[in-house]
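Dropping start-v6.txt in here (compact mmCIF, C-alpha atoms and all ligand atoms):
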```
# COMPACT_ATOMS: atom_id res chain seq x y z
CA LYS A 2 -18.83 18.39 21.49
CA GLN A 3 -19.06 21.95 20.28
CA SER A 4 -16.00 24.12 20.30
CA THR A 5 -16.44 26.74 23.01
CA GLY A 6 -15.38 29.54 20.70
CA PRO A 7 -13.04 30.39 17.91
CA PRO A 8 -9.59 28.94 18.39
CA ILE A 9 -7.00 31.39 19.57
CA LEU A 10 -5.06 32.21 16.44
CA SER A 11 -2.64 34.87 17.60
CA HIS A 12 0.09 32.59 18.80
CA ARG A 13 3.75 33.16 19.08
CA VAL A 14 5.23 29.85 18.00
CA THR A 15 8.84 28.98 18.63
CA ALA A 16 10.27 25.77 17.18
CA LYS A 17 13.77 24.59 17.94
CA GLY A 18 15.67 21.58 16.70
CA ARG A 19 17.47 20.14 13.71
CA HIS A 20 15.78 20.74 10.32
CA VAL A 21 12.49 22.07 11.61
CA PRO A 22 9.79 21.56 8.93
CA GLU A 23 8.03 24.69 7.82
CA SER A 24 4.65 25.28 9.43
CA VAL A 25 1.48 25.54 7.35
CA HIS A 26 -1.13 28.30 7.17
CA THR A 27 -4.04 26.07 6.20
CA PHE A 28 -4.94 22.41 6.57
CA GLU A 29 -5.11 22.16 2.77
CA GLU A 30 -1.43 23.07 2.58
CA LEU A 31 -0.69 19.75 4.25
CA LEU A 32 -2.25 17.96 1.27
CA GLY A 33 0.37 19.36 -1.07
CA ARG A 34 3.22 18.25 1.15
CA TYR A 35 2.17 14.96 2.69
CA VAL A 36 0.01 11.96 1.94
CA ILE A 37 -3.24 12.67 3.76
CA PRO A 38 -6.38 10.60 3.18
CA SER A 39 -9.03 12.94 1.81
CA GLN A 40 -11.48 11.55 4.37
CA LEU A 41 -9.52 13.27 7.14
CA MET A 42 -9.90 16.62 5.41
CA VAL A 43 -13.59 16.02 4.84
CA ASN A 44 -14.03 15.29 8.53
CA LEU A 45 -12.10 18.41 9.55
CA ARG A 46 -14.47 20.51 7.52
CA ARG A 47 -17.51 18.60 8.74
CA TYR A 48 -16.63 19.49 12.33
CA GLY A 49 -15.84 23.10 11.55
CA TYR A 50 -12.07 22.97 11.83
CA VAL A 51 -11.21 25.58 9.23
CA HIS A 52 -8.07 27.33 10.44
CA PRO A 53 -5.26 25.44 12.12
CA THR A 54 -4.22 26.72 15.55
CA GLY A 55 -0.56 27.53 16.23
CA ILE A 56 0.32 24.10 17.55
CA GLN A 57 -1.53 22.44 14.67
CA ALA A 58 0.18 24.62 12.05
CA SER A 59 3.59 23.89 13.50
CA GLY A 60 3.12 20.43 15.03
CA CYS A 61 1.36 18.62 12.17
CA PRO A 62 4.26 18.96 9.68
CA ILE A 63 6.76 17.87 12.34
CA LEU A 64 4.83 14.70 13.14
CA LEU A 65 4.02 14.05 9.48
CA GLU A 66 7.76 14.05 8.82
CA SER A 67 8.01 11.33 11.45
CA ARG A 68 10.01 13.48 13.84
CA ASP A 69 9.88 13.32 17.62
CA LEU A 70 8.26 16.32 19.25
CA ALA A 71 8.00 18.02 22.63
CA ALA A 72 5.15 20.52 22.39
CA ILE A 73 4.07 23.10 24.92
CA SER A 74 0.88 24.94 24.10
CA PRO A 75 -1.78 26.46 26.38
CA THR A 76 -5.01 24.68 27.28
CA GLY A 77 -7.70 25.03 24.63
CA THR A 78 -5.32 25.48 21.69
CA GLY A 79 -6.20 22.21 19.96
CA LYS A 80 -3.32 19.98 20.96
CA THR A 81 -5.45 16.85 20.47
CA LEU A 82 -5.98 17.41 16.76
CA SER A 83 -2.34 18.43 16.34
CA TYR A 84 -1.30 14.83 16.99
CA LEU A 85 -4.42 12.92 15.90
CA LEU A 86 -4.41 14.31 12.37
CA PRO A 87 -0.78 13.34 11.60
CA ILE A 88 -1.07 9.96 13.28
CA MET A 89 -4.23 9.03 11.42
CA ALA A 90 -2.57 10.15 8.20
CA LEU A 91 0.57 8.12 8.91
CA LEU A 92 -1.59 5.10 9.67
CA SER A 93 -3.46 5.73 6.46
CA THR A 94 -3.40 2.15 5.35
CA PRO A 95 -5.60 0.67 8.03
CA ILE A 96 -4.54 -2.87 8.82
CA SER A 97 -8.13 -3.97 8.51
CA SER A 98 -8.21 -3.08 4.82
CA SER A 99 -4.67 -4.12 3.98
CA LYS A 100 -4.25 -7.31 1.99
CA THR A 101 -0.49 -7.58 2.10
CA VAL A 102 0.14 -7.02 5.78
CA ALA A 103 -1.42 -9.59 8.03
CA GLY A 104 -2.07 -8.11 11.44
CA THR A 105 1.13 -7.43 13.26
CA GLY A 106 -0.02 -5.59 16.33
CA ILE A 107 -1.04 -2.25 17.79
CA ARG A 108 0.42 0.58 15.74
CA ALA A 109 -0.19 3.68 17.85
CA ILE A 110 -0.69 4.45 21.51
CA ILE A 111 -2.00 7.63 23.05
CA LEU A 112 -1.66 7.99 26.80
CA ALA A 113 -3.48 10.47 29.01
CA PRO A 114 -3.65 10.69 32.81
CA THR A 115 -7.40 10.28 33.43
CA ARG A 116 -10.24 8.20 32.06
CA GLU A 117 -12.15 11.35 31.24
CA LEU A 118 -9.32 12.67 29.08
CA VAL A 119 -8.90 9.29 27.44
CA SER A 120 -12.57 9.33 26.57
CA GLN A 121 -12.36 12.89 25.15
CA ILE A 122 -9.40 11.95 22.95
CA TYR A 123 -11.22 8.82 21.82
CA ASN A 124 -14.28 10.82 20.77
CA GLU A 125 -12.11 13.31 18.89
CA CYS A 126 -10.39 10.40 17.16
CA LEU A 127 -13.74 8.87 16.15
CA LYS A 128 -14.84 12.18 14.68
CA LEU A 129 -11.68 12.53 12.66
CA SER A 130 -11.69 8.95 11.40
CA GLN A 131 -15.34 8.81 10.40
CA GLY A 132 -15.81 7.04 7.07
CA ARG A 133 -12.66 4.94 7.23
CA LYS A 134 -12.06 1.65 8.92
CA TRP A 135 -9.40 2.43 11.43
CA ARG A 136 -9.60 0.25 14.51
CA ILE A 137 -9.55 2.62 17.42
CA VAL A 138 -9.77 1.22 20.91
CA LEU A 139 -10.56 3.02 24.14
CA PHE A 140 -8.67 0.83 26.57
CA ASN A 141 -10.71 -0.14 29.62
CA LYS A 142 -11.45 -3.33 31.54
CA ALA A 143 -13.76 -4.70 28.86
CA THR A 144 -11.66 -3.87 25.80
CA ALA A 145 -8.50 -5.00 27.63
CA ALA A 146 -10.13 -8.42 28.00
CA THR A 147 -11.06 -8.49 24.32
CA LEU A 148 -7.55 -7.47 23.31
CA ALA A 149 -6.02 -10.27 25.33
CA ASP A 150 -6.81 -12.32 22.22
CA LYS A 151 -3.78 -11.87 19.98
CA THR A 152 -5.78 -12.16 16.78
CA VAL A 153 -7.86 -9.16 17.89
CA GLN A 154 -4.81 -7.25 19.06
CA ASP A 155 -3.13 -7.72 15.69
CA LYS A 156 -5.86 -5.77 13.93
CA VAL A 157 -5.78 -2.69 16.13
CA ASP A 158 -4.54 0.63 14.80
CA VAL A 159 -4.79 2.98 17.78
CA VAL A 160 -5.11 2.38 21.50
CA ILE A 161 -6.03 5.25 23.82
CA SER A 162 -5.46 4.56 27.48
CA THR A 163 -4.38 5.68 30.91
CA PRO A 164 -0.91 4.44 31.87
CA LEU A 165 -2.16 2.23 34.69
CA ARG A 166 -4.71 0.42 32.55
CA LEU A 167 -2.12 -0.39 29.90
CA VAL A 168 0.54 -1.43 32.41
CA SER A 169 -1.88 -3.87 34.02
CA SER A 170 -2.33 -5.62 30.69
CA LEU A 171 1.40 -5.53 29.99
CA GLN A 172 2.11 -7.18 33.31
CA SER A 173 -0.37 -9.94 32.63
CA GLY A 174 1.77 -10.74 29.58
CA ARG A 175 -1.13 -10.57 27.19
CA LEU A 176 -0.32 -7.32 25.48
CA SER A 177 2.47 -6.89 22.99
CA LEU A 178 3.70 -3.43 22.05
CA HIS A 179 6.50 -4.51 19.71
CA ASN A 180 4.78 -3.03 16.66
CA VAL A 181 3.96 0.39 18.09
CA ARG A 182 5.23 3.09 15.70
CA HIS A 183 3.68 6.14 17.36
CA LEU A 184 3.56 6.89 21.06
CA ILE A 185 1.92 10.08 22.30
CA LEU A 186 1.95 11.37 25.86
CA ASP A 187 -0.79 13.93 26.37
CA GLU A 188 -0.76 16.15 29.48
CA ALA A 189 2.91 15.26 29.69
CA ASP A 190 3.53 17.34 32.82
CA ARG A 191 1.36 14.89 34.75
CA MET A 192 2.50 11.84 32.83
CA LEU A 193 6.11 12.49 33.76
CA ASP A 194 5.58 13.32 37.42
CA GLN A 195 5.92 10.88 40.29
CA GLU A 196 2.41 9.47 40.01
CA PHE A 197 2.78 8.10 36.49
CA LEU A 198 6.47 8.16 35.59
CA ALA A 199 7.28 4.52 36.43
CA GLN A 200 4.22 3.31 34.50
CA VAL A 201 5.04 5.47 31.51
CA GLN A 202 8.62 4.25 31.50
CA GLU A 203 7.44 0.66 31.60
CA ILE A 204 5.28 1.30 28.54
CA VAL A 205 8.07 3.11 26.70
CA THR A 206 10.39 0.18 27.40
CA ALA A 207 7.80 -2.29 26.08
CA CYS A 208 7.59 -0.39 22.79
CA THR A 209 10.60 -2.01 21.21
CA HIS A 210 10.20 -1.08 17.54
CA GLU A 211 13.32 0.78 16.49
CA ASN A 212 11.46 3.23 14.26
CA ILE A 213 9.01 4.37 16.90
CA GLN A 214 8.00 8.02 16.83
CA LYS A 215 7.38 9.65 20.20
CA ALA A 216 5.81 12.96 21.10
CA VAL A 217 4.78 14.71 24.29
CA PHE A 218 2.17 17.44 24.61
CA SER A 219 1.47 19.69 27.53
CA ALA A 220 0.24 23.11 28.57
CA THR A 221 3.25 23.43 30.84
CA LEU A 222 6.38 21.39 31.33
CA PRO A 223 8.46 21.96 34.46
CA ALA A 224 12.22 21.67 33.97
CA GLY A 225 12.42 18.23 35.57
CA ALA A 226 9.67 16.77 33.40
CA GLU A 227 11.14 18.41 30.31
CA ARG A 228 14.51 16.80 30.93
CA ILE A 229 12.88 13.38 31.24
CA ALA A 230 10.85 14.02 28.08
CA LEU A 231 13.85 15.10 26.02
CA ASP A 232 15.70 12.02 27.29
CA MET A 233 12.89 9.84 26.01
CA LEU A 234 12.81 11.45 22.56
CA ARG A 235 15.18 11.02 19.63
CA ASP A 236 16.49 14.15 17.91
CA PRO A 237 13.38 16.01 19.05
CA ILE A 238 11.96 19.30 17.92
CA ARG A 239 10.69 21.52 20.71
CA VAL A 240 7.71 23.72 20.00
CA ILE A 241 6.56 26.35 22.42
CA VAL A 242 3.35 28.24 21.79
CA GLY A 243 2.81 31.41 23.76
CA LEU A 244 -0.21 33.62 23.70
CA LYS A 245 0.48 37.03 22.25
CA ASP A 246 -0.17 40.09 24.38
CA THR A 247 -0.23 38.15 27.61
P1 LIG B 301 -5.95 21.38 24.32
O1 LIG B 301 -5.67 19.91 24.35
O2 LIG B 301 -4.80 22.18 23.76
O3 LIG B 301 -6.39 21.92 25.64
P2 LIG B 301 -8.20 20.57 22.70
O4 LIG B 301 -7.49 19.68 21.77
O5 LIG B 301 -8.95 19.93 23.80
O6 LIG B 301 -7.16 21.63 23.33
O7 LIG B 301 -9.14 21.54 21.84
C1 LIG B 301 -9.93 22.54 22.47
C2 LIG B 301 -11.18 22.80 21.66
O8 LIG B 301 -10.87 23.44 20.42
C3 LIG B 301 -11.94 21.54 21.30
O9 LIG B 301 -13.31 21.76 21.50
C4 LIG B 301 -11.64 21.34 19.83
O10 LIG B 301 -12.68 20.67 19.19
C5 LIG B 301 -11.47 22.77 19.35
N1 LIG B 301 -10.55 22.90 18.19
C6 LIG B 301 -9.36 22.32 18.05
N2 LIG B 301 -8.76 22.69 16.91
C7 LIG B 301 -9.60 23.54 16.30
C8 LIG B 301 -9.57 24.27 15.06
N3 LIG B 301 -8.51 24.20 14.24
N4 LIG B 301 -10.63 25.05 14.74
C9 LIG B 301 -11.69 25.12 15.59
N5 LIG B 301 -11.79 24.46 16.76
C10 LIG B 301 -10.76 23.69 17.13
MG MG B 302 -5.52 18.42 25.76
```

Would you mind giving the structure from this file in structure tokens?
Amino acid sequence: KQSTGPPILSHRVTAKGRHVPESVHTFEELLGRYVIPSQLMVNLRRYGYVHPTGIQASGCPILLESRDLAAISPTGTGKTLSYLLPIMALLSTPISSSKTVAGTGIRAIILAPTRELVSQIYNECLKLSQGRKWRIVLFNKATAATLADKTVQDKVDVVISTPLRLVSSLQSGRLSLHNVRHLILDEADRMLDQEFLAQVQEIVTACTHENIQKAVFSATLPAGAERIALDMLRDPIRVIVGLKDT
């Protein structure tokens, strides 16, 4: 998919929380501060991502430092990449190529409210991970059936799903989320409203690893949803991106 235009760069970014990591001005700056597989940078360039948007400049360092994050940034400001890049970097030893760690289960979950969004995130993730053997799964009926096999499940890096699809598998008892280290809620305003909240909470509860990192992303977050989000997060940083001159 082609970007519809240049990313909006004139953002007013506010970050609040304990020890907020400094934001970056370029993607390359991340290389000096964090361990980032060079393949990710190659892919960024390949797809024409030259300048980080406000949420990427501020959000990537926060996630790369394994902090929890509640991010509010307008539609079209590149929220997807702001979490995919750090997560792929943090998962930079793909289980499939690791000799020491036998498969131990799904390592990251990204949740979005509709199948269309799930599919968009999946495609973005494939673009970013090109050239490396991450196991990225778009969760649907067919892949859910495949993943019911524990030996397959153990080799998965990232699962991208709607809440309902994942909950169905959880309830059948054939999906284990005990190894999930990164949980992302995209379009969090919808994920935390009445339609999805119970499902999301069931998934959060099933992710039992004590070092799990959680982050929520949204264009808007009503007070009620924000309270639920902050309750879900541990020592979170809150980032709000506003458009200048609007
Ligand atoms: P949001 O989730 O905030 O609505 P998306 O993640 O869907 O935004 O990104 C919107 C568009 O901007 C996509 O087409 C994406 O490929 C493009 N994009 C994201 N980041 C950048 C960047 N740093 N430079 C250029 N284009 C970008
Ligand atoms: Mg989005």

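Comparing A:Arg136, A:Arg175, A:Arg116, A:Lys142 by their smallest distance to A:Thr163, the closest is A:Arg116 (using only C-alpha atoms).
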
At a cut-off of 8 Å around ligand MG 302 (chain B), and using all atoms listed in the file, what residues come up? Please write them as a PyMOL selection string.
chain A and resi 76-77+79-81+118+187-188+218-220

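Atom pair atom CA of A:Ser177 / atom CA of A:Gly106: separated by 7.2 Å.
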
Distance of atom CA of A:Arg133 from atom CA of A:Ile107, expressed in Å to one decimal place:
17.3 Å

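Shell of A:Thr206 at 12 Å, with all atoms listed in the file counted and residues fewer than 3 places along the chain excluded, is A:Val168, A:Leu171, A:Ser177, A:Leu178, A:His179, A:Val181, A:Leu184, A:Ala199, A:Gln200, A:Val201, A:Gln202, A:Glu203, A:Thr209, A:His210, A:Glu211, A:Ile213, A:Met233.
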
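For the choices A:Ser120, A:Thr147, A:Ser169, A:Ser83, the atom-to-atom distance to ligand LIG 301 (chain B) is smallest for A:Ser83 when using only C-alpha atoms and all ligand atoms.
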
Hey, which residues come within 10 Å of ligand LIG 301 (chain B) if we count only C-alpha atoms and all ligand atoms? Could you give them as an MDAnalysis selection string?
chainID A and resid 2:10 27:28 45:46 48:58 73:85 118 121:122 125 128 187:188 218:220

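Residue nearest A:Arg235, chosen from A:Thr15, A:Asn212, A:Thr221, A:Asn180 and counting all atoms listed in the file: A:Asn212.
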
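One finds atom CA of A:Ile229 at 20.2 Å from atom CA of A:Gly60.
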
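Minimum atom-to-atom distances from A:Val217, A:Leu129, A:Val14, A:Leu64 to A:Met42 were compared using all atoms listed in the file, and the lowest value belongs to A:Leu129.
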
Option closest in space to A:Leu127, from A:Ala145, A:Leu234, A:Leu112, A:Leu139 [counting only C-alpha atoms]:
A:Leu139

Give me, as a list in words, all polymer residues having an atom no more than 10 Å from A:Thr152, counting all atoms listed in the file and skipping those fewer than 4 positions away in the same chain.
Gly104, Thr105, Gly106, Thr147, Leu148, Lys156 and Val157 of chain A

Which protein, DNA or RNA residues have an atom at most 8 Å from (11.1, 10.8, 37.3), counting all atoms listed in the file? List them as an mmCIF file with C-alpha atoms, in the coordinates of the input.
```
data_model
loop_
_atom_site.group_PDB
_atom_site.id
_atom_site.type_symbol
_atom_site.label_atom_id
_atom_site.label_comp_id
_atom_site.auth_asym_id
_atom_site.auth_seq_id
_atom_site.Cartn_x
_atom_site.Cartn_y
_atom_site.Cartn_z
ATOM 1 C CA LEU A 193 6.110 12.490 33.760
ATOM 2 C CA ASP A 194 5.580 13.320 37.420
ATOM 3 C CA GLN A 195 5.920 10.880 40.290
ATOM 4 C CA LEU A 198 6.470 8.160 35.590
ATOM 5 C CA ALA A 199 7.280 4.520 36.430
ATOM 6 C CA GLY A 225 12.420 18.230 35.570
ATOM 7 C CA ALA A 226 9.670 16.770 33.400
ATOM 8 C CA ILE A 229 12.880 13.380 31.240
#
```

Residue with smallest distance to A:Ile161 - pool A:Arg191, A:Lys215, A:Arg239, A:Arg108, counting all atoms listed in the file
A:Arg108

Anything within 12 Å of (9.4, 15.6, 9.0): list those residues as an NGL selection string, counting all atoms listed in the file and sticking to the file's coordinates.
:A and (18-24 or 31 or 34-35 or 59-70 or 87 or 91 or 214 or 236-238)
